[in-house]
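Trainee: Contents of data_23.cif (mmCIF, C-alpha atoms):
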```cif
data_my_file
loop_
_atom_site.label_atom_id
_atom_site.label_comp_id
_atom_site.auth_asym_id
_atom_site.auth_seq_id
_atom_site.Cartn_x
_atom_site.Cartn_y
_atom_site.Cartn_z
CA MET J 23 102.32 -88.63 -37.56
CA THR J 24 105.77 -89.37 -38.84
CA GLY J 25 105.71 -93.19 -39.01
CA PRO J 26 106.38 -93.67 -42.74
CA GLN J 27 108.99 -90.93 -42.80
CA ARG J 28 110.74 -92.50 -39.82
CA GLU J 29 110.82 -95.89 -41.51
CA ARG J 30 112.35 -94.54 -44.71
CA LEU J 31 114.83 -92.40 -42.79
CA ALA J 32 115.80 -95.30 -40.51
CA ALA J 33 116.60 -97.50 -43.48
CA ALA J 34 118.68 -94.82 -45.21
CA GLN J 35 120.63 -93.85 -42.09
CA ALA J 36 121.29 -97.47 -41.12
CA GLU J 37 122.55 -98.23 -44.63
CA LEU J 38 124.98 -95.29 -44.49
CA LEU J 39 126.30 -96.22 -41.03
CA ARG J 40 126.80 -99.84 -42.12
CA ALA J 41 128.92 -98.55 -45.00
CA LEU J 42 130.87 -96.23 -42.72
CA LEU J 43 131.32 -98.39 -39.63
CA ALA J 44 130.96 -102.00 -40.73
CA ASP J 45 131.39 -103.77 -44.05
CA GLY J 46 128.30 -102.39 -45.78
CA ALA J 47 128.36 -101.33 -49.43
CA VAL J 48 128.35 -97.65 -50.37
CA PRO J 49 124.66 -96.71 -50.68
CA PRO J 50 123.51 -95.59 -54.14
CA GLY J 51 124.02 -91.92 -54.90
CA PHE J 52 126.92 -91.35 -52.47
CA ASP J 53 130.39 -90.40 -53.67
CA PRO J 54 132.46 -93.54 -52.84
CA GLU J 55 135.61 -91.46 -52.32
CA ARG J 56 133.87 -89.25 -49.74
CA VAL J 57 132.46 -92.31 -48.01
CA ARG J 58 136.07 -93.58 -47.73
CA VAL J 59 137.19 -90.20 -46.34
CA GLU J 60 134.37 -90.20 -43.77
CA LYS J 61 135.09 -93.82 -42.86
CA ARG J 62 138.74 -92.96 -42.19
CA ALA J 63 137.75 -89.89 -40.16
CA LEU J 64 135.31 -91.82 -37.95
CA LEU J 65 137.86 -94.59 -37.41
CA ALA J 66 140.57 -92.06 -36.50
CA LYS J 67 138.25 -90.37 -34.02
CA ARG J 68 137.35 -93.67 -32.35
CA ARG J 69 141.01 -94.76 -32.27
CA GLY J 70 142.04 -91.40 -30.80
CA ILE J 71 139.47 -91.62 -28.01
CA VAL J 72 140.55 -95.16 -27.11
CA ALA J 73 144.21 -94.05 -27.09
CA VAL J 74 143.33 -91.26 -24.65
CA LEU J 75 141.28 -93.57 -22.42
CA ARG J 76 143.89 -96.35 -22.40
CA PRO J 77 147.31 -94.76 -22.84
CA ASP J 78 148.81 -97.91 -21.25
CA VAL J 79 147.44 -100.09 -24.04
CA ALA J 80 148.49 -97.66 -26.79
CA ALA J 81 152.00 -97.35 -25.29
CA GLU J 82 152.51 -101.10 -24.92
CA LEU J 83 151.36 -101.78 -28.48
CA GLY J 84 153.39 -98.89 -29.91
CA ASP J 85 153.44 -99.06 -33.72
CA ARG J 86 151.11 -102.05 -33.62
CA PHE J 87 148.33 -100.04 -31.93
CA ARG J 88 146.98 -98.48 -35.11
CA PRO J 89 146.78 -101.55 -37.36
CA LEU J 90 145.50 -103.70 -34.51
CA PHE J 91 142.85 -101.18 -33.48
CA ASP J 92 141.73 -100.74 -37.07
CA GLY J 93 141.36 -104.50 -37.40
CA TYR J 94 139.39 -104.69 -34.16
CA ALA J 95 137.16 -101.75 -35.13
CA ALA J 96 136.28 -103.16 -38.54
CA ALA J 97 135.14 -106.42 -36.93
CA HIS J 98 133.45 -104.71 -33.96
CA PRO J 99 131.54 -101.59 -35.02
CA LYS J 100 130.57 -99.54 -31.97
CA GLU J 101 127.05 -100.48 -31.04
CA VAL J 102 124.41 -98.26 -29.50
CA GLY J 103 124.74 -98.32 -25.72
CA THR J 104 128.48 -99.07 -25.72
CA ARG J 105 130.46 -96.42 -23.88
CA PHE J 106 133.90 -95.46 -25.09
CA ARG J 107 135.42 -96.88 -21.89
CA GLU J 108 133.81 -100.23 -22.67
CA ASP J 109 135.04 -99.97 -26.27
CA ALA J 110 138.58 -99.39 -25.00
CA ALA J 111 138.32 -102.25 -22.51
CA ARG J 112 137.01 -104.63 -25.17
CA PHE J 113 139.85 -103.71 -27.50
CA ALA J 114 142.35 -104.46 -24.74
CA GLU J 115 140.71 -107.85 -24.09
CA TRP J 116 140.70 -108.56 -27.81
CA ALA J 117 144.41 -107.74 -28.06
CA ILE J 118 145.19 -109.92 -25.00
CA ALA J 119 143.22 -112.83 -26.47
CA ARG J 120 145.32 -112.56 -29.64
CA GLY J 121 148.53 -112.56 -27.63
CA GLU J 122 149.38 -109.00 -28.69
CA LEU J 123 149.11 -107.53 -25.21
CA GLN J 124 150.27 -108.80 -21.80
CA PRO J 125 147.40 -109.71 -19.50
CA PRO J 126 147.28 -107.32 -16.53
CA LYS J 127 149.21 -108.46 -13.48
CA LYS J 128 147.10 -109.11 -10.43
CA LYS J 129 147.20 -105.99 -8.30
CA ARG J 130 147.47 -106.17 -4.55
CA TRP J 131 146.37 -103.13 -2.69
CA TRP J 132 149.40 -103.22 -0.38
CA ARG J 133 151.72 -103.15 -3.39
CA ARG J 134 150.07 -100.32 -5.26
CA ALA J 135 152.27 -97.62 -3.77
CA THR J 136 155.48 -99.22 -4.98
CA MET Z 14 94.70 -49.74 -24.99
CA ALA Z 15 94.80 -51.25 -28.43
CA ALA Z 16 98.43 -50.24 -28.82
CA ALA Z 17 99.39 -51.69 -25.46
CA THR Z 18 97.83 -55.07 -26.13
CA ARG Z 19 99.01 -55.35 -29.69
CA SER Z 20 101.90 -57.76 -29.80
CA THR Z 21 104.52 -58.40 -32.37
CA GLU Z 22 104.52 -61.74 -34.09
CA GLY Z 23 107.49 -62.75 -31.97
CA GLU Z 24 105.66 -62.03 -28.73
CA ARG Z 25 102.57 -63.85 -29.96
CA LYS Z 26 104.67 -66.92 -30.55
CA GLY Z 27 106.25 -66.55 -27.14
CA TRP Z 28 109.67 -66.05 -28.67
CA TRP Z 29 112.31 -65.53 -26.09
CA HIS Z 30 114.61 -62.62 -26.54
CA VAL Z 31 118.21 -63.76 -26.81
CA GLU Z 32 120.29 -62.05 -24.20
CA LYS Z 33 123.67 -60.59 -25.05
CA LEU Z 34 126.32 -63.21 -24.33
CA GLY Z 35 129.48 -61.59 -25.66
CA VAL Z 36 132.61 -63.55 -26.55
CA GLY Z 37 133.28 -66.93 -24.97
CA ILE Z 38 135.21 -70.15 -25.09
CA GLY Z 39 134.33 -73.81 -24.69
CA TRP Z 40 135.17 -74.94 -21.15
CA ARG Z 41 137.05 -78.25 -21.15
CA PRO Z 42 138.66 -80.01 -18.15
CA GLU Z 43 142.05 -79.87 -19.89
CA ILE Z 44 141.99 -76.05 -20.06
CA ASP Z 45 139.94 -75.25 -16.95
CA LEU Z 46 142.58 -72.97 -15.41
CA THR Z 47 143.19 -71.30 -18.77
CA VAL Z 48 139.51 -70.52 -19.19
CA GLU Z 49 139.37 -69.14 -15.63
CA ARG Z 50 142.25 -66.73 -16.19
CA LEU Z 51 141.78 -65.72 -19.84
CA PRO Z 52 140.78 -62.05 -19.90
CA GLY Z 53 137.40 -61.08 -21.27
CA VAL Z 54 135.64 -64.44 -21.31
CA ASP Z 55 131.99 -63.37 -21.17
CA PHE Z 56 130.46 -66.86 -21.28
CA VAL Z 57 131.42 -70.52 -21.61
CA GLU Z 58 129.90 -73.70 -22.91
CA VAL Z 59 130.21 -77.18 -21.42
CA VAL Z 60 129.71 -80.52 -23.17
CA ALA Z 61 126.57 -81.77 -21.46
CA GLU Z 62 127.40 -85.47 -21.69
CA ASN Z 63 130.67 -84.97 -19.81
CA LEU Z 64 129.13 -83.44 -16.67
CA HIS Z 65 127.13 -84.91 -13.81
CA VAL Z 66 124.58 -82.67 -12.16
CA GLY Z 67 125.56 -83.77 -8.65
CA HIS Z 68 129.30 -83.42 -9.23
CA LEU Z 69 129.90 -80.26 -11.22
CA PRO Z 70 133.59 -79.42 -11.66
CA GLU Z 71 134.94 -76.86 -9.20
CA SER Z 72 136.10 -74.69 -12.09
CA VAL Z 73 132.60 -74.57 -13.58
CA LEU Z 74 131.11 -73.66 -10.20
CA LEU Z 75 133.73 -70.92 -9.81
CA LEU Z 76 132.75 -69.43 -13.17
CA ARG Z 77 129.09 -69.51 -12.14
CA GLU Z 78 129.96 -67.74 -8.87
CA ARG Z 79 131.63 -65.03 -10.93
CA GLY Z 80 128.38 -64.65 -12.86
CA VAL Z 81 129.73 -66.13 -16.10
CA PRO Z 82 126.89 -67.84 -18.02
CA VAL Z 83 127.58 -71.57 -18.58
CA LEU Z 84 125.62 -73.05 -21.49
CA PRO Z 85 125.16 -76.83 -21.75
CA HIS Z 86 125.92 -78.07 -25.26
CA ALA Z 87 124.76 -81.61 -26.05
CA VAL Z 88 126.21 -83.93 -28.68
CA SER Z 89 124.14 -87.08 -28.27
CA LEU Z 90 120.43 -86.32 -28.62
CA SER Z 91 120.54 -87.50 -32.26
CA LEU Z 92 117.55 -85.24 -32.99
CA GLY Z 93 117.77 -85.98 -36.70
CA GLY Z 94 117.81 -89.72 -36.11
CA ALA Z 95 114.88 -91.92 -37.10
CA GLU Z 96 114.40 -93.14 -33.54
CA PRO Z 97 112.28 -91.12 -31.11
CA VAL Z 98 114.33 -88.93 -28.77
CA ASP Z 99 115.83 -90.63 -25.73
CA ALA Z 100 114.00 -89.05 -22.78
CA HIS Z 101 116.89 -89.74 -20.40
CA ARG Z 102 119.31 -87.71 -22.49
CA VAL Z 103 116.85 -84.82 -22.67
CA ALA Z 104 116.23 -85.01 -18.91
CA HIS Z 105 119.97 -84.86 -18.24
CA LEU Z 106 120.35 -81.80 -20.46
CA GLY Z 107 117.41 -80.10 -18.74
CA ALA Z 108 118.68 -80.92 -15.25
CA LEU Z 109 122.08 -79.52 -16.17
CA ALA Z 110 120.50 -76.32 -17.47
CA GLU Z 111 118.71 -75.91 -14.13
CA ALA Z 112 121.80 -76.71 -12.07
CA LEU Z 113 123.79 -74.12 -14.02
CA ASP Z 114 120.91 -71.63 -14.26
CA ALA Z 115 121.60 -71.59 -18.02
CA PRO Z 116 119.54 -69.33 -20.32
CA LEU Z 117 119.44 -71.97 -23.07
CA VAL Z 118 120.79 -75.34 -24.18
CA SER Z 119 121.86 -76.65 -27.56
CA ASP Z 120 122.50 -79.70 -29.72
CA HIS Z 121 122.99 -80.31 -33.43
CA VAL Z 122 121.02 -80.81 -36.63
CA CYS Z 123 122.36 -84.31 -37.13
CA PHE Z 124 121.99 -87.97 -36.35
CA VAL Z 125 124.41 -89.99 -34.24
CA ARG Z 126 122.92 -93.48 -34.10
CA ALA Z 127 121.11 -95.72 -36.61
CA GLY Z 128 120.49 -99.42 -37.14
CA GLY Z 129 121.98 -100.30 -33.75
CA LEU Z 130 125.30 -98.63 -34.58
CA ASP Z 131 126.80 -95.57 -32.92
CA SER Z 132 128.86 -93.36 -35.23
CA GLY Z 133 130.43 -91.51 -32.29
CA HIS Z 134 130.07 -88.39 -34.38
CA LEU Z 135 127.62 -85.76 -35.64
CA MET Z 136 126.43 -87.12 -38.98
CA PRO Z 137 124.75 -84.89 -41.56
CA LEU Z 138 121.09 -85.39 -42.40
CA PRO Z 139 119.59 -85.91 -45.83
CA ARG Z 140 118.03 -82.55 -46.75
CA THR Z 141 114.69 -84.14 -47.56
CA ARG Z 142 111.10 -83.53 -46.44
CA ASP Z 143 111.14 -86.93 -44.69
CA ALA Z 144 114.20 -86.04 -42.63
CA LEU Z 145 112.81 -82.59 -41.82
CA ASP Z 146 109.46 -84.03 -40.65
CA VAL Z 147 111.21 -86.46 -38.31
CA LEU Z 148 113.63 -83.81 -37.04
CA VAL Z 149 110.77 -81.41 -36.33
CA ALA Z 150 108.84 -84.09 -34.39
CA ASN Z 151 111.94 -84.99 -32.36
CA VAL Z 152 112.80 -81.35 -31.63
CA LYS Z 153 109.23 -80.65 -30.46
CA ALA Z 154 109.37 -83.69 -28.17
CA ALA Z 155 112.67 -82.52 -26.68
CA GLN Z 156 111.42 -78.95 -26.25
CA GLN Z 157 108.43 -80.20 -24.23
CA ASP Z 158 110.78 -81.68 -21.65
CA LEU Z 159 113.36 -78.89 -21.54
CA PRO Z 160 113.07 -76.04 -19.00
CA VAL Z 161 114.85 -73.53 -21.28
CA PRO Z 162 114.91 -72.75 -25.03
CA LEU Z 163 116.79 -75.05 -27.39
CA ALA Z 164 119.24 -73.82 -30.02
CA LEU Z 165 120.30 -76.09 -32.88
CA GLU Z 166 123.62 -76.06 -34.67
CA ASN Z 167 124.57 -76.72 -38.29
CA VAL Z 168 127.19 -79.50 -38.55
CA ALA Z 169 130.29 -79.94 -40.72
CA ALA Z 170 130.02 -82.68 -43.30
CA LEU Z 171 132.61 -84.62 -45.26
CA LEU Z 172 129.98 -86.20 -47.51
CA ASP Z 173 126.64 -85.19 -48.92
CA TRP Z 174 123.45 -87.20 -49.17
CA PRO Z 175 121.98 -87.66 -52.64
CA ASP Z 176 118.58 -86.27 -53.64
CA GLY Z 177 118.52 -83.20 -51.41
CA GLU Z 178 115.23 -81.33 -51.80
CA LEU Z 179 116.26 -78.20 -49.86
CA THR Z 180 119.40 -76.14 -49.41
CA GLU Z 181 120.91 -76.27 -45.93
CA GLY Z 182 119.67 -72.72 -45.31
CA GLN Z 183 116.12 -73.59 -46.37
CA PHE Z 184 116.24 -76.74 -44.24
CA LEU Z 185 117.25 -74.74 -41.13
CA ALA Z 186 114.77 -71.94 -41.86
CA GLU Z 187 111.90 -74.39 -42.05
CA LEU Z 188 113.11 -76.14 -38.88
CA VAL Z 189 112.96 -72.80 -37.03
CA GLU Z 190 109.58 -71.92 -38.52
CA ARG Z 191 108.04 -75.21 -37.44
CA THR Z 192 109.63 -75.59 -33.98
CA ASP Z 193 110.46 -72.02 -32.84
CA CYS Z 194 113.94 -73.27 -31.95
CA HIS Z 195 116.92 -70.96 -31.98
CA LEU Z 196 119.97 -71.29 -34.18
CA LEU Z 197 123.55 -71.82 -33.18
CA VAL Z 198 125.49 -71.05 -36.34
CA ASP Z 199 128.94 -72.62 -36.53
CA VAL Z 200 130.86 -70.57 -39.08
CA ALA Z 201 133.65 -73.17 -39.24
CA ASN Z 202 131.09 -75.85 -40.10
CA LEU Z 203 129.59 -73.55 -42.70
CA TYR Z 204 133.06 -72.99 -44.15
CA ALA Z 205 133.65 -76.77 -44.12
CA ASN Z 206 130.45 -77.39 -46.05
CA ALA Z 207 131.31 -74.63 -48.52
CA ARG Z 208 134.69 -76.28 -49.11
CA ASN Z 209 133.55 -79.90 -49.06
CA LEU Z 210 130.02 -79.79 -50.46
CA GLY Z 211 129.91 -76.50 -52.35
CA THR Z 212 127.45 -74.83 -49.94
CA ASP Z 213 126.92 -71.18 -50.91
CA VAL Z 214 127.85 -69.20 -47.77
CA ALA Z 215 126.07 -65.98 -48.76
CA ARG Z 216 122.92 -67.86 -49.71
CA PHE Z 217 123.00 -69.84 -46.44
CA LEU Z 218 123.25 -66.61 -44.44
CA ASP Z 219 120.48 -65.03 -46.49
CA GLU Z 220 118.15 -67.99 -46.04
CA ILE Z 221 118.41 -68.59 -42.29
CA PRO Z 222 116.33 -66.47 -39.88
CA LEU Z 223 119.14 -64.45 -38.29
CA GLU Z 224 116.71 -62.94 -35.76
CA ARG Z 225 116.63 -66.40 -34.21
CA LEU Z 226 120.39 -66.56 -33.82
CA ALA Z 227 121.35 -67.51 -30.24
CA TYR Z 228 125.11 -67.44 -30.77
CA VAL Z 229 127.92 -68.45 -33.09
CA HIS Z 230 130.66 -71.08 -32.93
CA VAL Z 231 134.15 -70.53 -34.30
CA ALA Z 232 136.72 -73.35 -34.48
CA GLY Z 233 139.92 -74.45 -36.16
CA GLY Z 234 140.55 -77.20 -38.65
CA GLU Z 235 142.87 -78.33 -41.38
CA GLU Z 236 142.79 -79.32 -44.99
CA ASN Z 237 143.90 -82.82 -45.86
CA ARG Z 238 144.00 -84.05 -49.48
CA GLY Z 239 141.52 -81.47 -50.69
CA VAL Z 240 139.00 -82.03 -47.89
CA TYR Z 241 138.57 -79.63 -44.96
CA HIS Z 242 138.39 -81.37 -41.58
CA ASP Z 243 136.72 -79.52 -38.70
CA THR Z 244 139.19 -80.82 -36.10
CA HIS Z 245 138.89 -78.30 -33.24
CA ALA Z 246 142.58 -79.15 -32.81
CA HIS Z 247 144.15 -76.56 -35.13
CA ALA Z 248 144.22 -72.79 -35.37
CA VAL Z 249 141.20 -70.90 -36.68
CA LEU Z 250 141.69 -70.21 -40.39
CA PRO Z 251 141.41 -66.64 -41.69
CA GLU Z 252 138.79 -68.01 -44.12
CA VAL Z 253 136.61 -69.00 -41.14
CA LEU Z 254 136.93 -65.51 -39.66
CA ASP Z 255 135.89 -64.22 -43.08
CA VAL Z 256 132.66 -66.24 -42.83
CA LEU Z 257 132.16 -64.68 -39.37
CA ALA Z 258 132.65 -61.26 -40.99
CA GLN Z 259 130.03 -62.09 -43.61
CA LEU Z 260 127.62 -63.01 -40.83
CA ARG Z 261 128.54 -59.86 -38.85
CA ALA Z 262 127.74 -57.77 -41.94
CA ARG Z 263 124.16 -59.03 -41.66
CA VAL Z 264 123.61 -59.16 -37.89
CA ASP Z 265 125.27 -58.35 -34.56
CA PRO Z 266 125.35 -61.87 -33.05
CA PRO Z 267 124.33 -62.11 -29.36
CA GLY Z 268 127.40 -64.25 -28.71
CA VAL Z 269 130.42 -65.84 -30.37
CA LEU Z 270 132.23 -68.81 -28.81
CA LEU Z 271 135.61 -70.36 -29.65
CA GLU Z 272 135.76 -74.17 -29.54
CA ARG Z 273 139.01 -76.02 -28.95
CA ASP Z 274 138.92 -79.73 -28.14
CA ASP Z 275 142.42 -81.10 -28.67
CA ASP Z 276 146.11 -80.18 -29.05
CA TYR Z 277 145.56 -77.30 -26.66
CA PRO Z 278 147.91 -74.41 -27.40
CA ALA Z 279 149.46 -71.89 -24.99
CA ASP Z 280 147.06 -69.50 -23.27
CA ALA Z 281 148.40 -66.65 -25.40
CA GLU Z 282 147.30 -68.39 -28.59
CA LEU Z 283 143.75 -68.85 -27.35
CA ALA Z 284 143.73 -65.23 -26.16
CA ALA Z 285 144.87 -64.13 -29.62
CA GLU Z 286 142.09 -66.13 -31.27
CA LEU Z 287 139.53 -64.50 -28.96
CA ALA Z 288 141.02 -61.10 -29.82
CA ALA Z 289 140.76 -61.90 -33.55
CA ILE Z 290 137.08 -62.75 -33.06
CA ARG Z 291 136.50 -59.48 -31.21
CA ALA Z 292 138.25 -57.58 -34.01
CA VAL Z 293 135.84 -59.07 -36.56
CA LEU Z 294 132.83 -58.20 -34.42
CA GLY Z 295 134.03 -54.59 -34.21
#
```
If you convert what's in this file into structure tokens, what do you get?
Mentor:
Amino acid sequence: MTGPQRERLAAAQAELLRALLADGAVPPGFDPERVRVEKRALLAKRRGIVAVLRPDVAAELGDRFRPLFDGYAAAHPKEVGTRFREDAARFAEWAIARGELQPPKKKRWWRRAT
Amino acid sequence: MAAATRSTEGERKGWWHVEKLGVGIGWRPEIDLTVERLPGVDFVEVVAENLHVGHLPESVLLLRERGVPVLPHAVSLSLGGAEPVDAHRVAHLGALAEALDAPLVSDHVCFVRAGGLDSGHLMPLPRTRDALDVLVANVKAAQQDLPVPLALENVAALLDWPDGELTEGQFLAELVERTDCHLLVDVANLYANARNLGTDVARFLDEIPLERLAYVHVAGGEENRGVYHDTHAHAVLPEVLDVLAQLRARVDPPGVLLERDDDYPADAELAAELAAIRAVLG
């Protein structure tokens, strides 16, 4: 059985992801510079996916998109079970709540074609 | 009679003979027409998580009608994760393999999720006995529920875990020995690890069981501040083709597939990259 191995591995992997995705400390033995590089790479990937999924949000925010998304991401690490579409939607809601983004106008089906 | 019933070790283990795949390219919705019209595409790969069995893209069905093998490639099984494998993800991969009549499926030697967080990426594993034991158990569980053989791919890493007990080649060799899985060797990832972690390419290729090679990935990337990033959004570096040549010097790979996932270039550029791969294979 692999119970003890799983427990040790779970702790080590969780510690690394907390350092990379949330505000966890760099685990002992890791090169802090490489952890920073990986952290930036993961953030850029997440930001890029959200920009593709919500080009409207990225376009409206313009130059503010990157710093705002990075602030959102640091406070809201992507949790297991969250789809990227939900991540993008939550970022948009977060930006609206902070007054950075216009709330969506109510759409009427008979006006959509205009 | 004795000669006829004597089996090789491979047959005894029920090893499946890897069919010749040729040269291929990753099918993506953004380049579906390109993939359809590129000359000499012998096989394609699809990202398993992006397809639904009941609603396969028309382009993928067209390729199947032409007889082009379509191999499902998964990115979310997290086989190296501490959690047991998610049966739903394995079932989806298996159902896709059946819908596409695929000869095999693949995922990565990595973990994706831990401690309730989702990295959204293929994270490297510690090269320890603990990690190998868990990976082996997870791979065996997945294999039980898959209708076709499973090939596992080496990932590109930006950082290395401390206290590694095995080289990457030894880690993969033991994984194959204990699970009978196949290998999907990504030469761009191997190059990335050589650049970023100091992995010895020749030693890696010497240590892995090349007779278990299902196929090879080739992809582009870029160097940024002394670190090589496996972006799949840039041209394939000559150095990566050199790693492919080093592999080719040891074995004739059943297949080689070009991966491009972003900043899609003109068709001619992709065709030229496929031609460059063919030139290395000889």
Trainee: Could you list, as a PDB file with C-alpha atoms, in the coordinates of the input, every residue within 7 Å of Val122 (chain Z), counting all atoms listed in the file and ignoring same-chain residues fewer than 2 positions away?
Mentor:
```
ATOM      1  CA  LEU Z  92     117.550 -85.240 -32.990  1.00  0.00           C
ATOM      2  CA  GLY Z  93     117.770 -85.980 -36.700  1.00  0.00           C
ATOM      3  CA  LEU Z 165     120.300 -76.090 -32.880  1.00  0.00           C
ATOM      4  CA  GLU Z 166     123.620 -76.060 -34.670  1.00  0.00           C
ATOM      5  CA  ASN Z 167     124.570 -76.720 -38.290  1.00  0.00           C
ATOM      6  CA  VAL Z 168     127.190 -79.500 -38.550  1.00  0.00           C
TER       7      VAL Z 168
END
```
Trainee: Just the residues within 9 Å of region 94-109 of chain J, please, counting only C-alpha atoms, with nothing from its chain fewer than 6 positions along; format it as a count of residues only.
Mentor: 21
Trainee: Restrict the calculation to all atoms listed in the file, then for each residue of chain J with any atom at most 6 Å from an atom of chain Z give the closest atom pair and their distance in Å to one decimal, rows by chain and rising residue number, as CSV.
Mentor:
```
residue,atom,partner,partner_atom,distance
J:Gln27,CA,Z:Asp143,CA,4.9
J:Arg28,CA,Z:Ala95,CA,5.0
J:Leu31,CA,Z:Ala95,CA,5.7
J:Ala32,CA,Z:Ala95,CA,4.9
J:Gln35,CA,Z:Ala127,CA,5.8
J:Ala36,CA,Z:Gly128,CA,4.5
J:Gly51,CA,Z:Pro175,CA,5.2
J:Arg56,CA,Z:Leu172,CA,5.4
J:Lys100,CA,Z:Asp131,CA,5.6
J:Glu101,CA,Z:Leu130,CA,4.4
J:Val102,CA,Z:Asp131,CA,5.0
```
Trainee: Out of J:Ala119, J:Ala114, J:Ala34, J:Ala63, which residue has the shortest atom-to-atom distance to Phe87 (chain J) when counting all atoms listed in the file?
Mentor: J:Ala114
Trainee: With all atoms listed in the file as the counted atoms, please give the residues lying no more than 6 Å from region 49-60 of chain Z, apart from itself and same-chain residues fewer than 2 positions off, as a list of chain:residue names.
Mentor: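 Here the qualifying residues turn out to be Z:Gly35, Z:Val36, Z:Gly37, Z:Ile38, Z:Gly39, Z:Trp40, Z:Leu46, Z:Thr47, Z:Glu62, Z:Asn63, Z:Val81, Z:Pro82, Z:Val83, Z:Leu84, Z:Pro85, Z:His86, Z:Ala87.
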Trainee: Quick one: distance from CA of Arg225 (chain Z) to CA of Leu196 (chain Z) in Å, one decimal?
Mentor: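 Taking CA of Arg225 (chain Z) and CA of Leu196 (chain Z), their separation equals 5.9 Å.
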Trainee: Apply the PyMOL selection byres ((chain J and resi 122) around 12) to the file shown and report the selected residues as JSON, numbers by chain.
Mentor: {"J": [79, 80, 82, 83, 84, 85, 86, 87, 89, 90, 91, 113, 114, 115, 116, 117, 118, 119, 120, 121, 123, 124, 125]}
Trainee: Pick from Z:Asp265, Z:Glu43, Z:Asp213, Z:Asp255: nearest to Pro278 (chain Z), with only C-alpha atoms counted?
Mentor: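 Between Z:Asp265, Z:Glu43, Z:Asp213, Z:Asp255, the residue approaching Pro278 (chain Z) most closely is Z:Glu43.
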Trainee: Where does the PyMOL selection byres ((chain Z and resi 109) around 12) land in this file, that is, which residues does it pick, as a CSV table (one decimal) with C-alpha atoms, keeping the file's coordinate frame?
Mentor:
```
chain,number,residue,atom,x,y,z
Z,58,GLU,CA,129.9,-73.7,-22.9
Z,59,VAL,CA,130.2,-77.2,-21.4
Z,60,VAL,CA,129.7,-80.5,-23.2
Z,61,ALA,CA,126.6,-81.8,-21.5
Z,62,GLU,CA,127.4,-85.5,-21.7
Z,63,ASN,CA,130.7,-85.0,-19.8
Z,64,LEU,CA,129.1,-83.4,-16.7
Z,65,HIS,CA,127.1,-84.9,-13.8
Z,66,VAL,CA,124.6,-82.7,-12.2
Z,67,GLY,CA,125.6,-83.8,-8.6
Z,68,HIS,CA,129.3,-83.4,-9.2
Z,69,LEU,CA,129.9,-80.3,-11.2
Z,73,VAL,CA,132.6,-74.6,-13.6
Z,83,VAL,CA,127.6,-71.6,-18.6
Z,84,LEU,CA,125.6,-73.0,-21.5
Z,85,PRO,CA,125.2,-76.8,-21.8
Z,86,HIS,CA,125.9,-78.1,-25.3
Z,87,ALA,CA,124.8,-81.6,-26.0
Z,102,ARG,CA,119.3,-87.7,-22.5
Z,103,VAL,CA,116.8,-84.8,-22.7
Z,104,ALA,CA,116.2,-85.0,-18.9
Z,105,HIS,CA,120.0,-84.9,-18.2
Z,106,LEU,CA,120.4,-81.8,-20.5
Z,107,GLY,CA,117.4,-80.1,-18.7
Z,108,ALA,CA,118.7,-80.9,-15.2
Z,110,ALA,CA,120.5,-76.3,-17.5
Z,111,GLU,CA,118.7,-75.9,-14.1
Z,112,ALA,CA,121.8,-76.7,-12.1
Z,113,LEU,CA,123.8,-74.1,-14.0
Z,114,ASP,CA,120.9,-71.6,-14.3
Z,115,ALA,CA,121.6,-71.6,-18.0
Z,116,PRO,CA,119.5,-69.3,-20.3
Z,117,LEU,CA,119.4,-72.0,-23.1
Z,118,VAL,CA,120.8,-75.3,-24.2
Z,119,SER,CA,121.9,-76.6,-27.6
Z,159,LEU,CA,113.4,-78.9,-21.5
Z,160,PRO,CA,113.1,-76.0,-19.0
Z,161,VAL,CA,114.8,-73.5,-21.3
```
Trainee: Tell me, in Å to one decimal, how far CA of Gln156 (chain Z) is from CA of Pro26 (chain J).
Mentor: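 Separation between CA of Gln156 (chain Z) and CA of Pro26 (chain J): 22.7 Å.
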Trainee: Quick one: pull the distance between CA of Ala33 (chain J) and CA of Leu135 (chain Z), Å, one decimal.
Mentor: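 So the answer is 17.9 Å.
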Trainee: I'd like to know which of Z:Val31, Z:Ala262, Z:Asp280, Z:Ala100 is closest to Glu224 (chain Z), using all atoms listed in the file.
Mentor: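 Looking at the shortest contact to Glu224 (chain Z), the residue is Z:Val31.
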